[in-house]
Amino acid sequence: MARINLLDTKTTNFRDLIGNGKIYRVPLFQRDYSWQEENWEDLWQDILMLHQDQDSSHYMGAIVLQNSANSDKEWTIIDGQQRFATLSILAIALIDKLTQLVTSGQEPEQNRERHELLKRTYLADKDPSSLRYSSKLILNENNNDFYQSNLINLRKPRHLRSLTHSNQLLWKAFDYFCEKISANIPQVVSSGESLATFLTDTVAQRLLFIQINVEDELNAYTVFETLNARGLELSATDLLKNYLFSLFQGPDDLRDAQRQWKRIITTVQLEKFPEFLRYYLSLTYTRIRRERLFKKVRNSVKTAQQAFDLLENLENYSSLFVALGNANDEFWRDIPQNQEYIRELSLFRVKQVYPTLFAAYEKFSSEDFTRLLKLIAVVSFRYSTVSSLNPNELEAIYNKLAIDIQKETIKNPRQVFE
C-alpha cells in the first residue's frame with residue numbers, strides 16, 4: 001500500500017501550484033538558492049519559445065512535495081525549490097513592470113488593480129482578517145528574510161556585495177529577468193494587459209511539472225533513488241541532512257551540527273556523499289544498497305546524541321575516503337609508501353574494499369595497514385587479469401573475500417596476515 005501512495009503523481013503548472021491558496025515551504029536547512037545566469041538563460045529561452053508559439057508547452061521536470069501534518073494548505077518542497085524560487089522571481093519582475101506603468105501614468109487604475117490581483121495570485125495572499133500579506137513561498141533559513149523583505153517588497157539592497165552569495169544570486173536573478181523582459185519582449189512591456197497575459201498564460205499555464213506527492217521523508221528519499229534524474233544525489237543528501245538536523249532541539253547543538261556537516265561536505269564533496277555514507281554504513285550492515293541508506297540511518301539514529309555520534313564518525317572517516325581515491329592526497333604525506341598501492345586501486349577502480357580499509361585504518365598499526373593495502377592491490381591485479389574467464393563467479397568470490405577480510409579486520413587485526 002505504501003508503494004501506491006509513494007507515487008501520487010499528476011501533471012500540473014505553475015499557476016495551479018502557486019495560485020491555489022496553498023503555502024510552500026523550503027525546509028530550513030535545504031541548500032541555499034544556487035541558480036546562476038546559465039540556468040536563468042535556459043529558462044528564459046524556453047519561455048521565449050512558448051511566447052512565440054502559443055500552442056506549445058514546456059516540461060519543467062518533477063517537483064516533489066510533502067503535505068504538512070498540521071494543515072492541508074501547507075506543503076514542503078522536497079525537490080524543486082530552485083525552479084519554484086526562480087519562477088517566483090520572474091513573476092516579481094513582471095509585476096514590477098506594472099508598477100512602472102502606474103508610475104508613468106499609463107492606465108494607473110487598471111494597472112494598480114492588475115498589480116494587486118497578480119501579486120495575490122502568484123506571490124502573497126492577503127488575509128481577510130488581518131489584511132496583511134502572507135507569502136505563498138517561504139525559502140530556507142538563509143534566504144527567506146531577504147526574499148520577503150527585498151524581493152517581495154521590491155526594496156533594492158543598499159550594498160549588494162555585503163549580502164551572502166545566495167542572496168546576491170536572488171537579486172541578480174531579479175535584475176536579469178527585468179533586463180530580459182525589456183530587451184526581448186518590448187511589445188509585452190508596452191501595456192498592462194499584455195504583461196498580465198504573458199504571466200498568466202505563458203509563464204504560469206504552459207510551464208508544466210510532474211507533481212509527486214509523498215507522505216514522509218522516507219518515501220521522498222525512495223523517490224529520489226527511483227528517479228534517474230540529474231541532481232539525484234544532491235536532493236537525497238539534503239533530505240538526510242534535514243532529518244539529522246530535525247533531531248537537535250537547542251540552537252547551540254544545531255549550530256555545532258551545521259558546522260560539522262559543512263566540514264564533512266567540504267571534504268567529501270556533496271555529489272560523493274551518498275557513496276561515502278554507503279561505505280561507512282557497510283562497517284555495520286552487510287551489502288547495503290543505495291536505496292536503503294536513508295532508512296538505515298532513520299532506523300538507527302533517533303536522538304540528538306546518536307546524530308552527533310554519526311556526524312563525528314563520518315567526519316573521522318571523510319579524509320580517508322577522499323585519500324583512498326587520490327594517491328597524491330596530503331593524507332599520505334607521512335606514509336608515502338602507501339601511494340603506490342593507492343594508485344593501483346585507482347587504476348583497477350577498486351572500491352568494494354573501502355569499508356575494510358575504514359576498519360583497518362582504525363585498528364591496524366601503520367605498518368599493518370600498508371601490508372593490507374599491498375595485499376588488496378595484489379588481489380585486485382589478479383582478479384583484473386583473469387576476470388574474463390568467468391566474471392560473475394569471480395566477482396562473487398572477490399566480494400566474499402572483501403567481506404571476510406573486513407570481518408577479520410574488525411575482530412582480530414593480526415589474524416588477517418596469518
# chains A, B, ... in the order shown; residues from 1 in each chain; ligands from 1

$ residues_around --residues "Tyr354 of chain A" --least-positions-apart "2" --cutoff "12 Å" --atoms "only C-alpha atoms" --output "ChimeraX atom specification"
/A:275-283,317-318,320-325,342,345-346,349-352,356-361,372-373,376,399,402-403,405-406

$ select_by_dssp --residues "segment 9-98 of chain A" --states "helix (DSSP H, G or I)" --output "PyMOL selection string"
chain A and resi 14-18+37-52+81-98

$ write_last_selection --atoms "N, CA, C and O atoms" --output "compact mmCIF listing (two decimals), in the first residue's frame"
# COMPACT_ATOMS: atom_id res chain seq x y z
N PHE A 14 2.56 26.03 -13.07
CA PHE A 14 2.92 26.96 -12.01
C PHE A 14 1.69 27.65 -11.44
O PHE A 14 1.59 27.88 -10.24
N ARG A 15 0.73 27.98 -12.30
CA ARG A 15 -0.48 28.66 -11.82
C ARG A 15 -1.27 27.75 -10.88
O ARG A 15 -1.75 28.20 -9.83
N ASP A 16 -1.42 26.48 -11.24
CA ASP A 16 -2.16 25.56 -10.37
C ASP A 16 -1.46 25.36 -9.04
O ASP A 16 -2.11 25.20 -8.00
N LEU A 17 -0.13 25.34 -9.07
CA LEU A 17 0.62 25.15 -7.83
C LEU A 17 0.54 26.37 -6.92
O LEU A 17 0.17 26.27 -5.75
N ILE A 18 0.86 27.52 -7.46
CA ILE A 18 1.04 28.71 -6.62
C ILE A 18 -0.24 29.51 -6.46
O ILE A 18 -0.38 30.32 -5.53
N GLU A 37 23.42 32.53 -13.99
CA GLU A 37 22.95 33.08 -15.26
C GLU A 37 22.67 32.01 -16.31
O GLU A 37 21.71 32.11 -17.08
N GLU A 38 23.50 30.97 -16.38
CA GLU A 38 23.26 29.94 -17.39
C GLU A 38 21.93 29.24 -17.15
O GLU A 38 21.23 28.87 -18.10
N ASN A 39 21.54 29.08 -15.88
CA ASN A 39 20.24 28.47 -15.56
C ASN A 39 19.09 29.42 -15.92
O ASN A 39 18.08 29.00 -16.49
N TRP A 40 19.28 30.71 -15.58
CA TRP A 40 18.24 31.69 -15.91
C TRP A 40 18.07 31.80 -17.43
O TRP A 40 16.96 31.91 -17.92
N GLU A 41 19.19 31.76 -18.13
CA GLU A 41 19.15 31.87 -19.59
C GLU A 41 18.40 30.70 -20.21
O GLU A 41 17.59 30.88 -21.14
N ASP A 42 18.67 29.50 -19.72
CA ASP A 42 17.97 28.32 -20.24
C ASP A 42 16.46 28.47 -20.04
O ASP A 42 15.67 28.20 -20.96
N LEU A 43 16.07 28.87 -18.84
CA LEU A 43 14.65 29.04 -18.56
C LEU A 43 14.04 30.13 -19.43
O LEU A 43 12.95 29.95 -19.99
N TRP A 44 14.74 31.24 -19.57
CA TRP A 44 14.21 32.36 -20.34
C TRP A 44 14.04 32.00 -21.82
O TRP A 44 13.04 32.36 -22.44
N GLN A 45 14.98 31.26 -22.38
CA GLN A 45 14.86 30.85 -23.78
C GLN A 45 13.67 29.91 -23.97
O GLN A 45 12.97 29.98 -24.99
N ASP A 46 13.43 29.05 -23.00
CA ASP A 46 12.25 28.17 -23.08
C ASP A 46 10.97 28.99 -23.05
O ASP A 46 10.01 28.70 -23.79
N ILE A 47 10.95 30.02 -22.21
CA ILE A 47 9.75 30.86 -22.12
C ILE A 47 9.55 31.67 -23.39
O ILE A 47 8.42 31.84 -23.87
N LEU A 48 10.63 32.15 -23.98
CA LEU A 48 10.51 32.88 -25.25
C LEU A 48 9.95 31.99 -26.34
O LEU A 48 9.14 32.45 -27.18
N MET A 49 10.35 30.73 -26.37
CA MET A 49 9.80 29.79 -27.35
C MET A 49 8.29 29.62 -27.15
O MET A 49 7.52 29.55 -28.11
N LEU A 50 7.85 29.57 -25.90
CA LEU A 50 6.42 29.48 -25.62
C LEU A 50 5.70 30.73 -26.09
O LEU A 50 4.57 30.65 -26.61
N HIS A 51 6.33 31.87 -25.88
CA HIS A 51 5.73 33.14 -26.28
C HIS A 51 5.56 33.21 -27.80
O HIS A 51 4.56 33.74 -28.30
N GLN A 52 6.52 32.66 -28.52
CA GLN A 52 6.47 32.70 -29.98
C GLN A 52 5.52 31.67 -30.57
O GLN A 52 4.97 31.85 -31.65
N GLN A 81 12.96 23.42 -5.34
CA GLN A 81 13.00 24.77 -4.80
C GLN A 81 13.67 25.77 -5.73
O GLN A 81 13.28 26.94 -5.78
N GLN A 82 14.68 25.34 -6.49
CA GLN A 82 15.37 26.28 -7.38
C GLN A 82 14.43 26.77 -8.47
O GLN A 82 14.38 27.97 -8.78
N ARG A 83 13.66 25.86 -9.05
CA ARG A 83 12.70 26.26 -10.10
C ARG A 83 11.57 27.09 -9.51
O ARG A 83 11.14 28.09 -10.10
N PHE A 84 11.07 26.67 -8.36
CA PHE A 84 9.99 27.40 -7.70
C PHE A 84 10.41 28.84 -7.41
O PHE A 84 9.68 29.79 -7.71
N ALA A 85 11.58 29.00 -6.80
CA ALA A 85 12.07 30.33 -6.44
C ALA A 85 12.30 31.19 -7.67
O ALA A 85 11.96 32.38 -7.70
N THR A 86 12.87 30.60 -8.72
CA THR A 86 13.19 31.37 -9.92
C THR A 86 11.92 31.84 -10.64
O THR A 86 11.85 32.99 -11.10
N LEU A 87 10.93 30.98 -10.74
CA LEU A 87 9.67 31.39 -11.36
C LEU A 87 8.98 32.48 -10.54
O LEU A 87 8.36 33.40 -11.10
N SER A 88 9.10 32.42 -9.22
CA SER A 88 8.53 33.48 -8.38
C SER A 88 9.26 34.80 -8.62
O SER A 88 8.62 35.86 -8.67
N ILE A 89 10.57 34.73 -8.79
CA ILE A 89 11.34 35.95 -9.07
C ILE A 89 10.95 36.52 -10.43
O ILE A 89 10.83 37.75 -10.59
N LEU A 90 10.75 35.65 -11.42
CA LEU A 90 10.29 36.13 -12.72
C LEU A 90 8.93 36.81 -12.58
O LEU A 90 8.68 37.87 -13.19
N ALA A 91 8.04 36.23 -11.79
CA ALA A 91 6.73 36.86 -11.56
C ALA A 91 6.90 38.23 -10.91
O ALA A 91 6.20 39.19 -11.28
N ILE A 92 7.81 38.35 -9.96
CA ILE A 92 8.08 39.64 -9.31
C ILE A 92 8.55 40.66 -10.34
O ILE A 92 8.13 41.83 -10.33
N ALA A 93 9.45 40.23 -11.25
CA ALA A 93 9.96 41.15 -12.28
C ALA A 93 8.84 41.63 -13.19
O ALA A 93 8.79 42.82 -13.56
N LEU A 94 7.93 40.74 -13.58
CA LEU A 94 6.81 41.14 -14.45
C LEU A 94 5.86 42.07 -13.71
O LEU A 94 5.37 43.06 -14.28
N ILE A 95 5.57 41.77 -12.45
CA ILE A 95 4.68 42.63 -11.66
C ILE A 95 5.31 44.00 -11.43
O ILE A 95 4.62 45.03 -11.40
N ASP A 96 6.66 44.03 -11.31
CA ASP A 96 7.36 45.31 -11.16
C ASP A 96 7.16 46.19 -12.39
O ASP A 96 7.10 47.42 -12.29
N LYS A 97 7.08 45.56 -13.57
CA LYS A 97 6.84 46.34 -14.80
C LYS A 97 5.48 47.03 -14.74
O LYS A 97 5.31 48.13 -15.27
N LEU A 98 4.49 46.38 -14.11
CA LEU A 98 3.19 47.03 -13.94
C LEU A 98 3.31 48.27 -13.05
O LEU A 98 2.67 49.30 -13.30

$ atom_distance --atom1 "atom CA of Glu116 of chain A" --atom2 "atom CA of Gln66 of chain A"
29.3 Å

$ residues_around --residues "Thr76 of chain A" --least-positions-apart "4" --cutoff "9 Å" --atoms "only C-alpha atoms" --output "ChimeraX atom specification"
/A:23-27,64-68

$ write_last_selection --atoms "C-alpha atoms" --output "mmCIF file, in the first residue's frame"
data_model
loop_
_atom_site.group_PDB
_atom_site.id
_atom_site.type_symbol
_atom_site.label_atom_id
_atom_site.label_comp_id
_atom_site.auth_asym_id
_atom_site.auth_seq_id
_atom_site.Cartn_x
_atom_site.Cartn_y
_atom_site.Cartn_z
ATOM 1 C CA ILE A 23 1.757 27.802 1.074
ATOM 2 C CA TYR A 24 5.001 26.132 0.038
ATOM 3 C CA ARG A 25 7.969 25.916 2.386
ATOM 4 C CA VAL A 26 11.558 25.073 1.604
ATOM 5 C CA PRO A 27 12.999 23.073 4.549
ATOM 6 C CA VAL A 64 8.394 16.525 -5.062
ATOM 7 C CA LEU A 65 6.073 17.839 -2.331
ATOM 8 C CA GLN A 66 5.205 16.653 1.159
ATOM 9 C CA ASN A 67 1.944 17.656 2.812
ATOM 10 C CA SER A 68 2.185 19.210 6.259
#

$ residues_around --residues "Gln30 of chain A" --least-positions-apart "5" --cutoff "9 Å" --atoms "only C-alpha atoms" --output "list in words"
Ile78, Gln81, Leu139, Asn140, Glu141, Ser235, Asp238, Leu239, Lys241 and Asn242 of chain A

$ write_last_selection --atoms "C-alpha atoms" --output "PDB file, in the first residue's frame"
ATOM      1  CA  ILE A  78      11.352  18.382  -1.022  1.00  0.00           C
ATOM      2  CA  GLN A  81      12.996  24.773  -4.804  1.00  0.00           C
ATOM      3  CA  LEU A 139      12.522  29.899   1.423  1.00  0.00           C
ATOM      4  CA  ASN A 140      15.180  28.351   3.634  1.00  0.00           C
ATOM      5  CA  GLU A 141      16.782  29.784   6.733  1.00  0.00           C
ATOM      6  CA  SER A 235      18.486  16.059  -3.256  1.00  0.00           C
ATOM      7  CA  ASP A 238      19.743  17.271   1.555  1.00  0.00           C
ATOM      8  CA  LEU A 239      16.890  15.107   2.755  1.00  0.00           C
ATOM      9  CA  LYS A 241      20.718  16.348   6.380  1.00  0.00           C
ATOM     10  CA  ASN A 242      17.276  17.776   7.129  1.00  0.00           C
TER      11      ASN A 242
END

$ residues_around --residues "Leu207 of chain A" --least-positions-apart "3" --cutoff "7 Å" --atoms "only C-alpha atoms" --output "number ranges by chain"
A: 13-14, 57-60, 203-204
